[in-house]
$ cat upload17.csv   # CSV, C-alpha atoms
chain,number,residue,atom,x,y,z
A,1,MET,CA,76.1,-89.9,-230.1
A,2,SER,CA,74.0,-87.5,-228.2
A,3,HIS,CA,73.9,-87.5,-224.4
A,4,PHE,CA,70.1,-87.1,-224.7
A,5,ARG,CA,67.5,-89.7,-225.6
A,6,VAL,CA,65.1,-87.0,-226.8
A,7,GLU,CA,65.8,-83.5,-228.0
A,8,ALA,CA,63.0,-81.2,-229.0
A,9,GLU,CA,64.2,-77.9,-230.4
A,10,ASP,CA,61.8,-74.9,-230.9
A,11,LEU,CA,58.8,-77.1,-231.7
A,12,SER,CA,55.7,-75.2,-232.9
A,13,VAL,CA,52.5,-76.8,-234.1
A,14,THR,CA,49.6,-74.8,-235.7
A,15,PHE,CA,46.2,-75.8,-236.9
A,16,GLY,CA,45.0,-72.9,-238.9
A,17,SER,CA,45.1,-70.0,-236.6
A,18,TYR,CA,45.3,-72.1,-233.5
A,19,GLN,CA,48.8,-72.6,-231.9
A,20,ALA,CA,48.8,-76.0,-230.2
A,21,LEU,CA,52.6,-75.8,-229.3
A,22,GLN,CA,54.7,-72.7,-229.2
A,23,HIS,CA,58.5,-72.8,-229.3
A,24,ILE,CA,59.0,-75.8,-227.1
A,25,SER,CA,62.5,-77.0,-226.4
A,26,LEU,CA,63.2,-80.1,-224.1
A,27,ARG,CA,66.2,-82.3,-223.6
A,28,ILE,CA,65.4,-85.7,-222.0
A,29,PRO,CA,68.3,-87.9,-220.9
A,30,PRO,CA,68.3,-91.7,-221.2
A,31,GLN,CA,67.0,-93.8,-218.2
A,32,GLU,CA,64.7,-91.1,-216.9
A,33,TYR,CA,61.0,-91.0,-216.1
A,34,TRP,CA,59.3,-87.7,-217.0
A,35,ILE,CA,55.8,-86.4,-216.4
A,36,VAL,CA,54.1,-83.7,-218.5
A,37,ILE,CA,51.1,-82.0,-216.8
A,38,GLY,CA,48.7,-79.2,-217.8
A,39,GLU,CA,45.1,-78.4,-218.3
A,40,ASN,CA,43.0,-79.8,-221.1
A,41,GLY,CA,44.1,-78.1,-224.3
A,42,ALA,CA,47.6,-77.3,-223.0
A,43,GLY,CA,49.3,-79.2,-225.8
A,44,LYS,CA,50.3,-82.4,-224.0
A,45,SER,CA,48.9,-84.9,-226.5
A,46,THR,CA,50.2,-82.8,-229.4
A,47,LEU,CA,53.7,-82.9,-227.9
A,48,LEU,CA,53.7,-86.6,-227.5
A,49,ASN,CA,52.5,-87.1,-231.1
A,50,CYS,CA,55.5,-85.1,-232.3
A,51,LEU,CA,57.9,-87.0,-230.1
A,52,ALA,CA,56.4,-90.3,-231.2
A,53,LEU,CA,56.9,-89.2,-234.9
A,54,TRP,CA,53.2,-89.7,-235.4
A,55,SER,CA,52.9,-86.1,-236.6
A,56,ARG,CA,55.4,-83.5,-237.8
A,57,PRO,CA,55.7,-80.1,-236.2
A,58,THR,CA,55.0,-77.0,-238.2
A,59,LYS,CA,58.4,-75.7,-237.1
A,60,GLY,CA,61.3,-77.0,-235.1
A,61,HIS,CA,63.1,-80.4,-234.9
A,62,VAL,CA,63.0,-83.6,-233.0
A,63,ARG,CA,66.1,-85.8,-232.5
A,64,ILE,CA,66.1,-89.3,-230.9
A,65,ASP,CA,69.5,-90.5,-229.7
A,66,GLY,CA,71.1,-87.8,-231.9
A,67,TYR,CA,69.3,-88.8,-235.1
A,68,GLU,CA,67.2,-86.3,-236.9
A,69,ALA,CA,63.6,-87.5,-237.0
A,70,LEU,CA,62.9,-86.4,-240.6
A,71,GLU,CA,66.0,-88.2,-241.9
A,72,HIS,CA,65.8,-91.4,-239.9
A,73,GLU,CA,62.1,-91.7,-239.3
A,74,ARG,CA,61.7,-95.4,-240.2
A,75,PHE,CA,64.6,-96.5,-238.0
A,76,LEU,CA,63.6,-94.4,-235.1
A,77,ARG,CA,60.0,-95.7,-235.1
A,78,SER,CA,61.4,-99.1,-234.2
A,79,LEU,CA,62.8,-97.6,-231.0
A,80,ILE,CA,59.7,-95.8,-229.9
A,81,LYS,CA,56.3,-97.0,-228.6
A,82,PHE,CA,53.4,-94.6,-228.0
A,83,VAL,CA,50.3,-95.6,-226.2
A,84,PRO,CA,47.5,-93.0,-226.9
A,85,ASP,CA,44.8,-92.3,-224.4
A,86,THR,CA,42.3,-94.5,-226.4
A,87,PRO,CA,44.3,-97.4,-227.9
A,88,THR,CA,42.7,-99.4,-230.7
A,89,PHE,CA,42.8,-103.1,-231.4
A,90,TYR,CA,41.9,-105.6,-234.1
A,91,SER,CA,38.4,-106.8,-233.5
A,92,GLU,CA,39.1,-110.3,-234.8
A,93,LEU,CA,42.2,-111.0,-232.6
A,94,THR,CA,42.3,-112.1,-229.0
A,95,ALA,CA,44.7,-110.5,-226.5
A,96,LEU,CA,47.2,-113.3,-226.9
A,97,GLU,CA,46.9,-113.1,-230.7
A,98,HIS,CA,47.7,-109.4,-230.5
A,99,ALA,CA,50.9,-110.4,-228.6
A,100,GLN,CA,51.7,-113.0,-231.3
A,101,LEU,CA,51.2,-110.4,-234.0
A,102,ILE,CA,53.5,-107.9,-232.3
A,103,ALA,CA,56.1,-110.6,-231.8
A,104,ALA,CA,56.0,-111.6,-235.5
A,105,HIS,CA,56.1,-108.0,-236.7
A,106,HIS,CA,59.2,-107.2,-234.5
A,107,HIS,CA,60.9,-110.6,-235.2
A,108,LEU,CA,60.9,-111.4,-231.4
A,109,SER,CA,62.3,-114.7,-230.4
A,110,HIS,CA,61.5,-116.5,-227.1
A,111,TRP,CA,58.7,-113.9,-226.5
A,112,GLN,CA,56.2,-116.3,-225.0
A,113,ALA,CA,57.8,-116.3,-221.5
A,114,GLU,CA,58.0,-112.5,-221.5
A,115,ALA,CA,54.4,-112.2,-222.7
A,116,GLU,CA,53.2,-114.6,-219.9
A,117,ARG,CA,55.1,-112.5,-217.3
A,118,LEU,CA,53.5,-109.3,-218.6
A,119,PHE,CA,50.0,-110.7,-218.8
A,120,HIS,CA,50.4,-111.8,-215.1
A,121,ALA,CA,51.9,-108.4,-214.1
A,122,PHE,CA,49.0,-106.5,-215.5
A,123,SER,CA,46.4,-109.0,-214.1
A,124,LEU,CA,45.3,-110.0,-217.6
A,125,ASP,CA,46.4,-113.6,-217.5
A,126,ARG,CA,42.8,-114.8,-217.2
A,127,ASN,CA,41.9,-112.8,-220.3
A,128,VAL,CA,44.5,-113.9,-222.8
A,129,ASN,CA,41.9,-115.6,-225.0
A,130,ALA,CA,39.3,-112.9,-224.7
A,131,TYR,CA,38.8,-110.1,-227.3
A,132,PRO,CA,39.9,-106.6,-226.3
A,133,ALA,CA,36.4,-105.2,-227.2
A,134,SER,CA,35.1,-107.0,-224.2
A,135,PHE,CA,37.6,-105.4,-221.9
A,136,SER,CA,37.0,-102.4,-219.7
A,137,ARG,CA,38.8,-99.2,-220.7
A,138,GLY,CA,41.4,-99.8,-218.0
A,139,MET,CA,42.1,-103.3,-219.2
A,140,GLN,CA,42.4,-102.1,-222.7
A,141,TYR,CA,45.1,-99.6,-221.7
A,142,LYS,CA,46.9,-102.2,-219.8
A,143,LEU,CA,46.9,-104.5,-222.8
A,144,ALA,CA,48.2,-101.7,-225.1
A,145,LEU,CA,51.0,-101.0,-222.6
A,146,LEU,CA,51.8,-104.7,-222.3
A,147,LEU,CA,52.1,-105.0,-226.1
A,148,SER,CA,54.4,-102.0,-226.2
A,149,LEU,CA,56.6,-103.3,-223.4
A,150,LEU,CA,56.9,-106.7,-225.2
A,151,THR,CA,59.2,-105.0,-227.8
A,152,LYS,CA,61.5,-103.4,-225.1
A,153,PRO,CA,61.4,-99.9,-226.5
A,154,SER,CA,64.1,-97.3,-225.9
A,155,LEU,CA,61.5,-94.6,-225.6
A,156,LEU,CA,58.0,-95.2,-224.1
A,157,LEU,CA,55.4,-92.4,-224.5
A,158,LEU,CA,52.1,-92.7,-222.6
A,159,ASP,CA,49.1,-90.3,-223.0
A,160,GLU,CA,47.0,-90.1,-219.9
A,161,PRO,CA,47.5,-93.6,-218.6
A,162,PHE,CA,46.1,-93.0,-215.2
A,163,ALA,CA,42.7,-91.8,-216.4
A,164,PRO,CA,41.2,-95.3,-217.0
A,165,LEU,CA,43.0,-97.0,-214.1
A,166,ASP,CA,41.9,-97.5,-210.5
A,167,PRO,CA,44.1,-96.1,-207.7
A,168,VAL,CA,45.8,-99.4,-207.0
A,169,SER,CA,46.6,-99.9,-210.7
A,170,GLN,CA,47.9,-96.3,-210.9
A,171,ASN,CA,50.3,-96.8,-208.1
A,172,HIS,CA,51.5,-100.1,-209.6
A,173,LEU,CA,52.0,-98.4,-212.9
A,174,THR,CA,54.2,-95.6,-211.4
A,175,GLN,CA,56.4,-98.2,-209.8
A,176,LEU,CA,56.7,-100.1,-213.1
A,177,LEU,CA,57.6,-97.0,-215.0
A,178,SER,CA,60.2,-96.0,-212.5
A,179,GLN,CA,61.7,-99.5,-212.7
A,180,LEU,CA,61.6,-99.4,-216.5
A,181,ALA,CA,63.6,-96.2,-216.6
A,182,HIS,CA,66.1,-96.8,-213.8
A,183,GLU,CA,66.7,-100.6,-214.1
A,184,GLN,CA,66.0,-101.4,-217.7
A,185,GLY,CA,67.1,-98.2,-219.4
A,186,THR,CA,63.8,-97.2,-221.0
A,187,THR,CA,63.1,-93.5,-221.2
A,188,VAL,CA,59.5,-92.8,-220.2
A,189,VAL,CA,57.5,-89.7,-220.9
A,190,MET,CA,53.9,-89.5,-219.9
A,191,THR,CA,51.1,-87.0,-219.6
A,192,THR,CA,48.7,-86.9,-216.7
A,193,HIS,CA,46.4,-84.8,-214.5
A,194,LEU,CA,47.3,-87.0,-211.5
A,195,LEU,CA,50.4,-87.6,-209.5
A,196,PRO,CA,50.2,-90.7,-207.4
A,197,GLU,CA,52.5,-90.9,-204.5
A,198,ALA,CA,53.8,-94.4,-205.0
A,199,LYS,CA,56.8,-93.3,-207.0
A,200,SER,CA,58.0,-89.8,-208.0
A,201,PRO,CA,59.2,-89.0,-211.5
A,202,ASP,CA,62.7,-87.7,-212.2
A,203,HIS,CA,61.4,-84.6,-214.0
A,204,LEU,CA,58.2,-82.5,-214.3
A,205,VAL,CA,57.2,-80.4,-217.3
A,206,PHE,CA,54.2,-78.0,-216.9
A,207,LEU,CA,52.5,-76.9,-220.2
A,208,ASN,CA,50.1,-74.1,-220.5
A,209,GLN,CA,48.5,-72.9,-223.8
A,210,GLY,CA,51.2,-74.7,-225.8
A,211,ARG,CA,54.2,-73.3,-223.9
A,212,VAL,CA,56.5,-74.8,-221.3
A,213,ILE,CA,56.0,-73.0,-218.0
A,214,ILE,CA,58.1,-75.3,-215.9
A,215,ASP,CA,60.9,-77.7,-216.8
A,216,TRP,CA,62.1,-78.8,-213.4
A,217,THR,CA,63.8,-81.8,-211.8
A,218,TRP,CA,61.6,-83.5,-209.2
A,219,ASP,CA,64.0,-82.1,-206.4
A,220,GLN,CA,63.1,-78.6,-207.6
A,221,VAL,CA,59.4,-79.4,-207.6
A,222,ARG,CA,59.6,-80.8,-204.0
A,223,GLU,CA,61.6,-77.8,-202.8
A,224,ARG,CA,59.0,-75.4,-204.2
A,225,PHE,CA,55.9,-77.5,-203.4
A,226,PRO,CA,56.6,-79.6,-200.3
A,227,GLY,CA,54.0,-81.9,-198.9
A,228,ASN,CA,51.3,-83.9,-200.7
A,229,ILE,CA,52.5,-84.9,-204.2
A,230,ALA,CA,48.9,-85.3,-205.4
A,231,THR,CA,48.2,-81.6,-204.9
A,232,VAL,CA,51.2,-80.4,-207.1
A,233,PRO,CA,49.1,-79.9,-210.3
A,234,TYR,CA,46.5,-77.8,-208.5
A,235,ARG,CA,49.2,-75.8,-206.7
A,236,LEU,CA,51.0,-75.2,-210.0
A,237,GLU,CA,47.9,-73.8,-211.6
A,238,THR,CA,47.0,-71.6,-208.7
A,239,GLU,CA,50.4,-70.4,-207.6
A,240,ILE,CA,52.3,-70.2,-210.9
A,241,LEU,CA,49.5,-69.2,-213.2
A,242,GLY,CA,47.3,-67.5,-210.7
A,243,ILE,CA,44.2,-69.5,-211.7
A,244,SER,CA,41.4,-69.3,-209.2
A,245,THR,CA,39.1,-72.3,-208.7
A,246,GLU,CA,36.7,-70.4,-206.4
A,247,GLY,CA,33.3,-69.2,-207.4
$ encode --input "upload17.csv" --output "structure tokens"
Amino acid sequence: MSHFRVEAEDLSVTFGSYQALQHISLRIPPQEYWIVIGENGAGKSTLLNCLALWSRPTKGHVRIDGYEALEHERFLRSLIKFVPDTPTFYSELTALEHAQLIAAHHHLSHWQAEAERLFHAFSLDRNVNAYPASFSRGMQYKLALLLSLLTKPSLLLLDEPFAPLDPVSQNHLTQLLSQLAHEQGTTVVMTTHLLPEAKSPDHLVFLNQGRVIIDWTWDQVRERFPGNIATVPYRLETEILGISTEG
């Protein structure tokens, strides 16, 4: 059994002549909360799609809990939940009916109490009989995350979850993700442009043009960039890449 929940080895993804990912290698232990940042087009979503087994890399390998993705794809998909930046829902099902469908598909017993807890935790308990199409974008993302958590995944992947959320919900989410990793054992990997101060991740990966520029523990990040956490993405771009935002 591998000591790592996720191992990405020399991942490269090309679309024609465009290189979305270039020789990326990462080793993510269990029970950690990782954040991947980078500008638009840096390859963040492509990386998550590969780790979620939604798409296959052009070159390289992904292993989950030591299992090769290509050889054990069906089994590994049961351990992974991926919430994309724009989740989709069935137009004819209410929020609660989506939870019922997930429970039936995953053969979950005694799921009702957990669903009730999650609907309350995400402030959606008044909307259980409403259709997701009537929800705001932030509410839709909360519902998609709720449905993923109902299955208690080993690996949770989130693409830009902060974008549709208000600041209070962002801070609540960071606390929840830290709790999931450290208390419930779920490995969490998310992409974002924002770093709320409510709870720091364990690890930060900085992508640029499909390459890993930084693969640091959070202690290393704080040592290099003390002060306001929220300014770290900007300071990475200006100090590491030398990108100027003036003029």
$ residues_around --input "upload17.csv" --residues "Leu155 of chain A" --least-positions-apart "2" --cutoff "6 Å" --atoms "only C-alpha atoms" --output "VMD selection string"
chain A and resid 80 153 186 to 187
$ closest_residue --input "upload17.csv" --among "A:Leu76, A:Ile28, A:Leu176, A:Leu145" --to "Val6 of chain A" --atoms "only C-alpha atoms"
A:Ile28
$ closest_atom_pairs --input "upload17.csv" --of "segment 51-163 of chain A" --to "segment 9-12 of chain A" --cutoff "12 Å" --atoms "only C-alpha atoms" --output "CSV"
residue,atom,partner,partner_atom,distance
A:Leu51,CA,A:Leu11,CA,10.1
A:Ser55,CA,A:Leu11,CA,11.8
A:Arg56,CA,A:Leu11,CA,9.5
A:Pro57,CA,A:Ser12,CA,5.9
A:Thr58,CA,A:Ser12,CA,5.6
A:Lys59,CA,A:Ser12,CA,5.0
A:Gly60,CA,A:Leu11,CA,4.2
A:His61,CA,A:Glu9,CA,5.3
A:Val62,CA,A:Glu9,CA,6.4
A:Arg63,CA,A:Glu9,CA,8.4
A:Ile64,CA,A:Glu9,CA,11.6
A:Glu68,CA,A:Glu9,CA,11.0
A:Ala69,CA,A:Glu9,CA,11.7
$ residues_around --input "upload17.csv" --residues "segment 197-206 of chain A" --least-positions-apart "4" --cutoff "8 Å" --atoms "all atoms listed in the file" --output "MDAnalysis selection string"
chainID A and resid 32:38 171:172 174:175 178 212:218 221 229:230
$ atom_distance --input "upload17.csv" --atom1 "atom CA of Asp219 of chain A" --atom2 "atom CA of Phe162 of chain A"
22.7 Å
$ residues_around --input "upload17.csv" --residues "segment 92-98 of chain A" --least-positions-apart "5" --cutoff "8 Å" --atoms "all atoms listed in the file" --output "list in words"
Asn127, Val128, Asn129, Ala130, Tyr131, Pro132, Leu143 and Leu147 of chain A
$ closest_residue --input "upload17.csv" --among "A:Pro87, A:Pro30, A:Pro196, A:Gly185" --to "Asn228 of chain A" --atoms "only C-alpha atoms"
A:Pro196
$ closest_residue --input "upload17.csv" --among "A:Ser123, A:Thr231, A:Ser25, A:Gln19" --to "Gly43 of chain A" --atoms "all atoms listed in the file"
A:Gln19
$ closest_residue --input "upload17.csv" --among "A:Leu195, A:Leu124, A:Cys50, A:Leu177" --to "Ala163 of chain A" --atoms "all atoms listed in the file"
A:Leu195
$ residues_around --input "upload17.csv" --residues "Lys152 of chain A" --least-positions-apart "4" --cutoff "12 Å" --atoms "only C-alpha atoms" --output "PyMOL selection string"
chain A and resi 78-81+102-103+106+108+111+114-115+118+145-148+156+180-181+184-188
$ closest_residue --input "upload17.csv" --among "A:Asn40, A:Gly227, A:Thr151, A:Glu71" --to "Ala104 of chain A" --atoms "only C-alpha atoms"
A:Thr151
$ atom_distance --input "upload17.csv" --atom1 "atom CA of Glu183 of chain A" --atom2 "atom CA of Arg117 of chain A"
16.9 Å
$ atom_distance --input "upload17.csv" --atom1 "atom CA of Arg27 of chain A" --atom2 "atom CA of Met190 of chain A"
14.7 Å
$ closest_residue --input "upload17.csv" --among "A:Gln22, A:Thr192, A:Gln31, A:Ser45" --to "Phe82 of chain A" --atoms "only C-alpha atoms"
A:Ser45
$ decode --input "upload17.csv" --residues "segment 44-172 of chain A" --atoms "C-alpha atoms" --output "CSV table (one decimal), in the first residue's frame"
chain,number,residue,atom,x,y,z
A,44,LYS,CA,-5.4,23.8,-12.8
A,45,SER,CA,-8.7,22.4,-14.1
A,46,THR,CA,-6.9,20.1,-16.5
A,47,LEU,CA,-4.9,18.7,-13.5
A,48,LEU,CA,-8.0,18.1,-11.5
A,49,ASN,CA,-9.7,16.3,-14.4
A,50,CYS,CA,-6.7,13.9,-14.6
A,51,LEU,CA,-6.7,13.3,-10.9
A,52,ALA,CA,-10.4,12.7,-10.9
A,53,LEU,CA,-10.0,10.2,-13.8
A,54,TRP,CA,-12.4,12.3,-15.9
A,55,SER,CA,-9.7,12.6,-18.6
A,56,ARG,CA,-6.5,10.7,-19.4
A,57,PRO,CA,-3.1,12.4,-19.6
A,58,THR,CA,-1.3,12.3,-22.9
A,59,LYS,CA,1.8,11.0,-21.0
A,60,GLY,CA,2.4,10.0,-17.4
A,61,HIS,CA,0.6,8.1,-14.7
A,62,VAL,CA,-1.9,8.6,-11.9
A,63,ARG,CA,-2.0,6.3,-8.9
A,64,ILE,CA,-4.6,6.5,-6.1
A,65,ASP,CA,-3.8,4.6,-2.9
A,66,GLY,CA,-1.1,2.8,-4.9
A,67,TYR,CA,-3.5,1.6,-7.6
A,68,GLU,CA,-2.7,2.5,-11.2
A,69,ALA,CA,-5.6,4.6,-12.6
A,70,LEU,CA,-5.7,2.9,-16.0
A,71,GLU,CA,-5.9,-0.6,-14.4
A,72,HIS,CA,-8.4,0.1,-11.6
A,73,GLU,CA,-10.4,3.0,-13.0
A,74,ARG,CA,-13.8,1.7,-12.1
A,75,PHE,CA,-12.9,0.9,-8.5
A,76,LEU,CA,-11.0,4.2,-8.0
A,77,ARG,CA,-13.9,6.2,-9.3
A,78,SER,CA,-15.9,5.0,-6.2
A,79,LEU,CA,-13.3,6.6,-3.9
A,80,ILE,CA,-13.2,10.0,-5.7
A,81,LYS,CA,-15.6,12.9,-5.9
A,82,PHE,CA,-14.9,15.9,-8.2
A,83,VAL,CA,-17.0,19.1,-8.1
A,84,PRO,CA,-16.3,21.1,-11.3
A,85,ASP,CA,-16.6,24.9,-11.3
A,86,THR,CA,-20.0,24.7,-12.9
A,87,PRO,CA,-21.8,21.6,-11.6
A,88,THR,CA,-24.9,20.2,-13.5
A,89,PHE,CA,-28.1,18.7,-12.1
A,90,TYR,CA,-31.2,16.9,-13.4
A,91,SER,CA,-33.8,19.4,-14.2
A,92,GLU,CA,-36.7,17.2,-13.1
A,93,LEU,CA,-35.3,16.4,-9.6
A,94,THR,CA,-35.4,18.5,-6.4
A,95,ALA,CA,-32.4,19.0,-4.2
A,96,LEU,CA,-33.6,16.3,-1.8
A,97,GLU,CA,-34.4,13.9,-4.7
A,98,HIS,CA,-30.8,14.4,-5.9
A,99,ALA,CA,-29.6,13.2,-2.5
A,100,GLN,CA,-32.0,10.2,-2.7
A,101,LEU,CA,-30.5,9.4,-6.1
A,102,ILE,CA,-26.9,9.6,-4.8
A,103,ALA,CA,-27.8,7.4,-1.8
A,104,ALA,CA,-29.4,4.8,-4.0
A,105,HIS,CA,-26.6,4.8,-6.5
A,106,HIS,CA,-24.0,4.3,-3.8
A,107,HIS,CA,-26.1,1.9,-1.7
A,108,LEU,CA,-26.0,4.2,1.3
A,109,SER,CA,-27.9,3.1,4.3
A,110,HIS,CA,-29.2,5.5,7.0
A,111,TRP,CA,-28.3,8.4,4.8
A,112,GLN,CA,-31.2,10.6,5.7
A,113,ALA,CA,-29.8,11.9,9.0
A,114,GLU,CA,-26.5,12.7,7.3
A,115,ALA,CA,-28.3,14.5,4.4
A,116,GLU,CA,-30.3,16.5,6.9
A,117,ARG,CA,-27.1,17.5,8.7
A,118,LEU,CA,-25.4,18.6,5.5
A,119,PHE,CA,-28.4,20.5,4.2
A,120,HIS,CA,-28.4,22.4,7.5
A,121,ALA,CA,-24.6,22.9,7.4
A,122,PHE,CA,-24.8,24.5,4.0
A,123,SER,CA,-27.9,26.6,4.8
A,124,LEU,CA,-29.9,24.7,2.2
A,125,ASP,CA,-32.4,23.1,4.6
A,126,ARG,CA,-35.2,25.5,3.5
A,127,ASN,CA,-34.6,24.5,-0.2
A,128,VAL,CA,-34.7,20.7,-0.1
A,129,ASN,CA,-37.9,20.6,-2.2
A,130,ALA,CA,-36.8,23.3,-4.6
A,131,TYR,CA,-35.2,22.6,-8.0
A,132,PRO,CA,-31.5,23.4,-8.4
A,133,ALA,CA,-32.2,25.5,-11.5
A,134,SER,CA,-33.9,28.0,-9.2
A,135,PHE,CA,-30.7,28.2,-7.0
A,136,SER,CA,-28.1,30.9,-7.2
A,137,ARG,CA,-24.6,29.8,-8.5
A,138,GLY,CA,-23.3,29.7,-5.0
A,139,MET,CA,-26.2,27.5,-3.8
A,140,GLN,CA,-25.7,25.2,-6.7
A,141,TYR,CA,-22.1,24.7,-5.8
A,142,LYS,CA,-23.0,24.1,-2.2
A,143,LEU,CA,-25.5,21.4,-3.3
A,144,ALA,CA,-23.0,19.7,-5.5
A,145,LEU,CA,-20.5,19.7,-2.6
A,146,LEU,CA,-23.1,18.4,-0.2
A,147,LEU,CA,-24.0,15.5,-2.6
A,148,SER,CA,-20.3,14.6,-2.9
A,149,LEU,CA,-19.8,14.6,0.9
A,150,LEU,CA,-22.8,12.4,1.4
A,151,THR,CA,-20.7,9.5,-0.1
A,152,LYS,CA,-17.8,10.1,2.3
A,153,PRO,CA,-15.1,10.1,-0.5
A,154,SER,CA,-11.5,9.3,0.2
A,155,LEU,CA,-10.4,12.0,-2.3
A,156,LEU,CA,-12.4,15.2,-2.8
A,157,LEU,CA,-11.4,17.5,-5.7
A,158,LEU,CA,-12.9,21.0,-6.0
A,159,ASP,CA,-12.5,23.3,-9.0
A,160,GLU,CA,-12.7,27.0,-8.0
A,161,PRO,CA,-15.2,26.6,-5.1
A,162,PHE,CA,-14.7,30.1,-3.8
A,163,ALA,CA,-15.7,31.9,-7.0
A,164,PRO,CA,-19.5,31.6,-6.5
A,165,LEU,CA,-19.4,32.0,-2.7
A,166,ASP,CA,-19.7,35.1,-0.5
A,167,PRO,CA,-16.9,35.8,2.0
A,168,VAL,CA,-18.7,34.2,4.9
A,169,SER,CA,-19.4,31.0,3.0
A,170,GLN,CA,-15.8,31.0,1.8
A,171,ASN,CA,-14.5,31.0,5.3
A,172,HIS,CA,-17.0,28.4,6.4
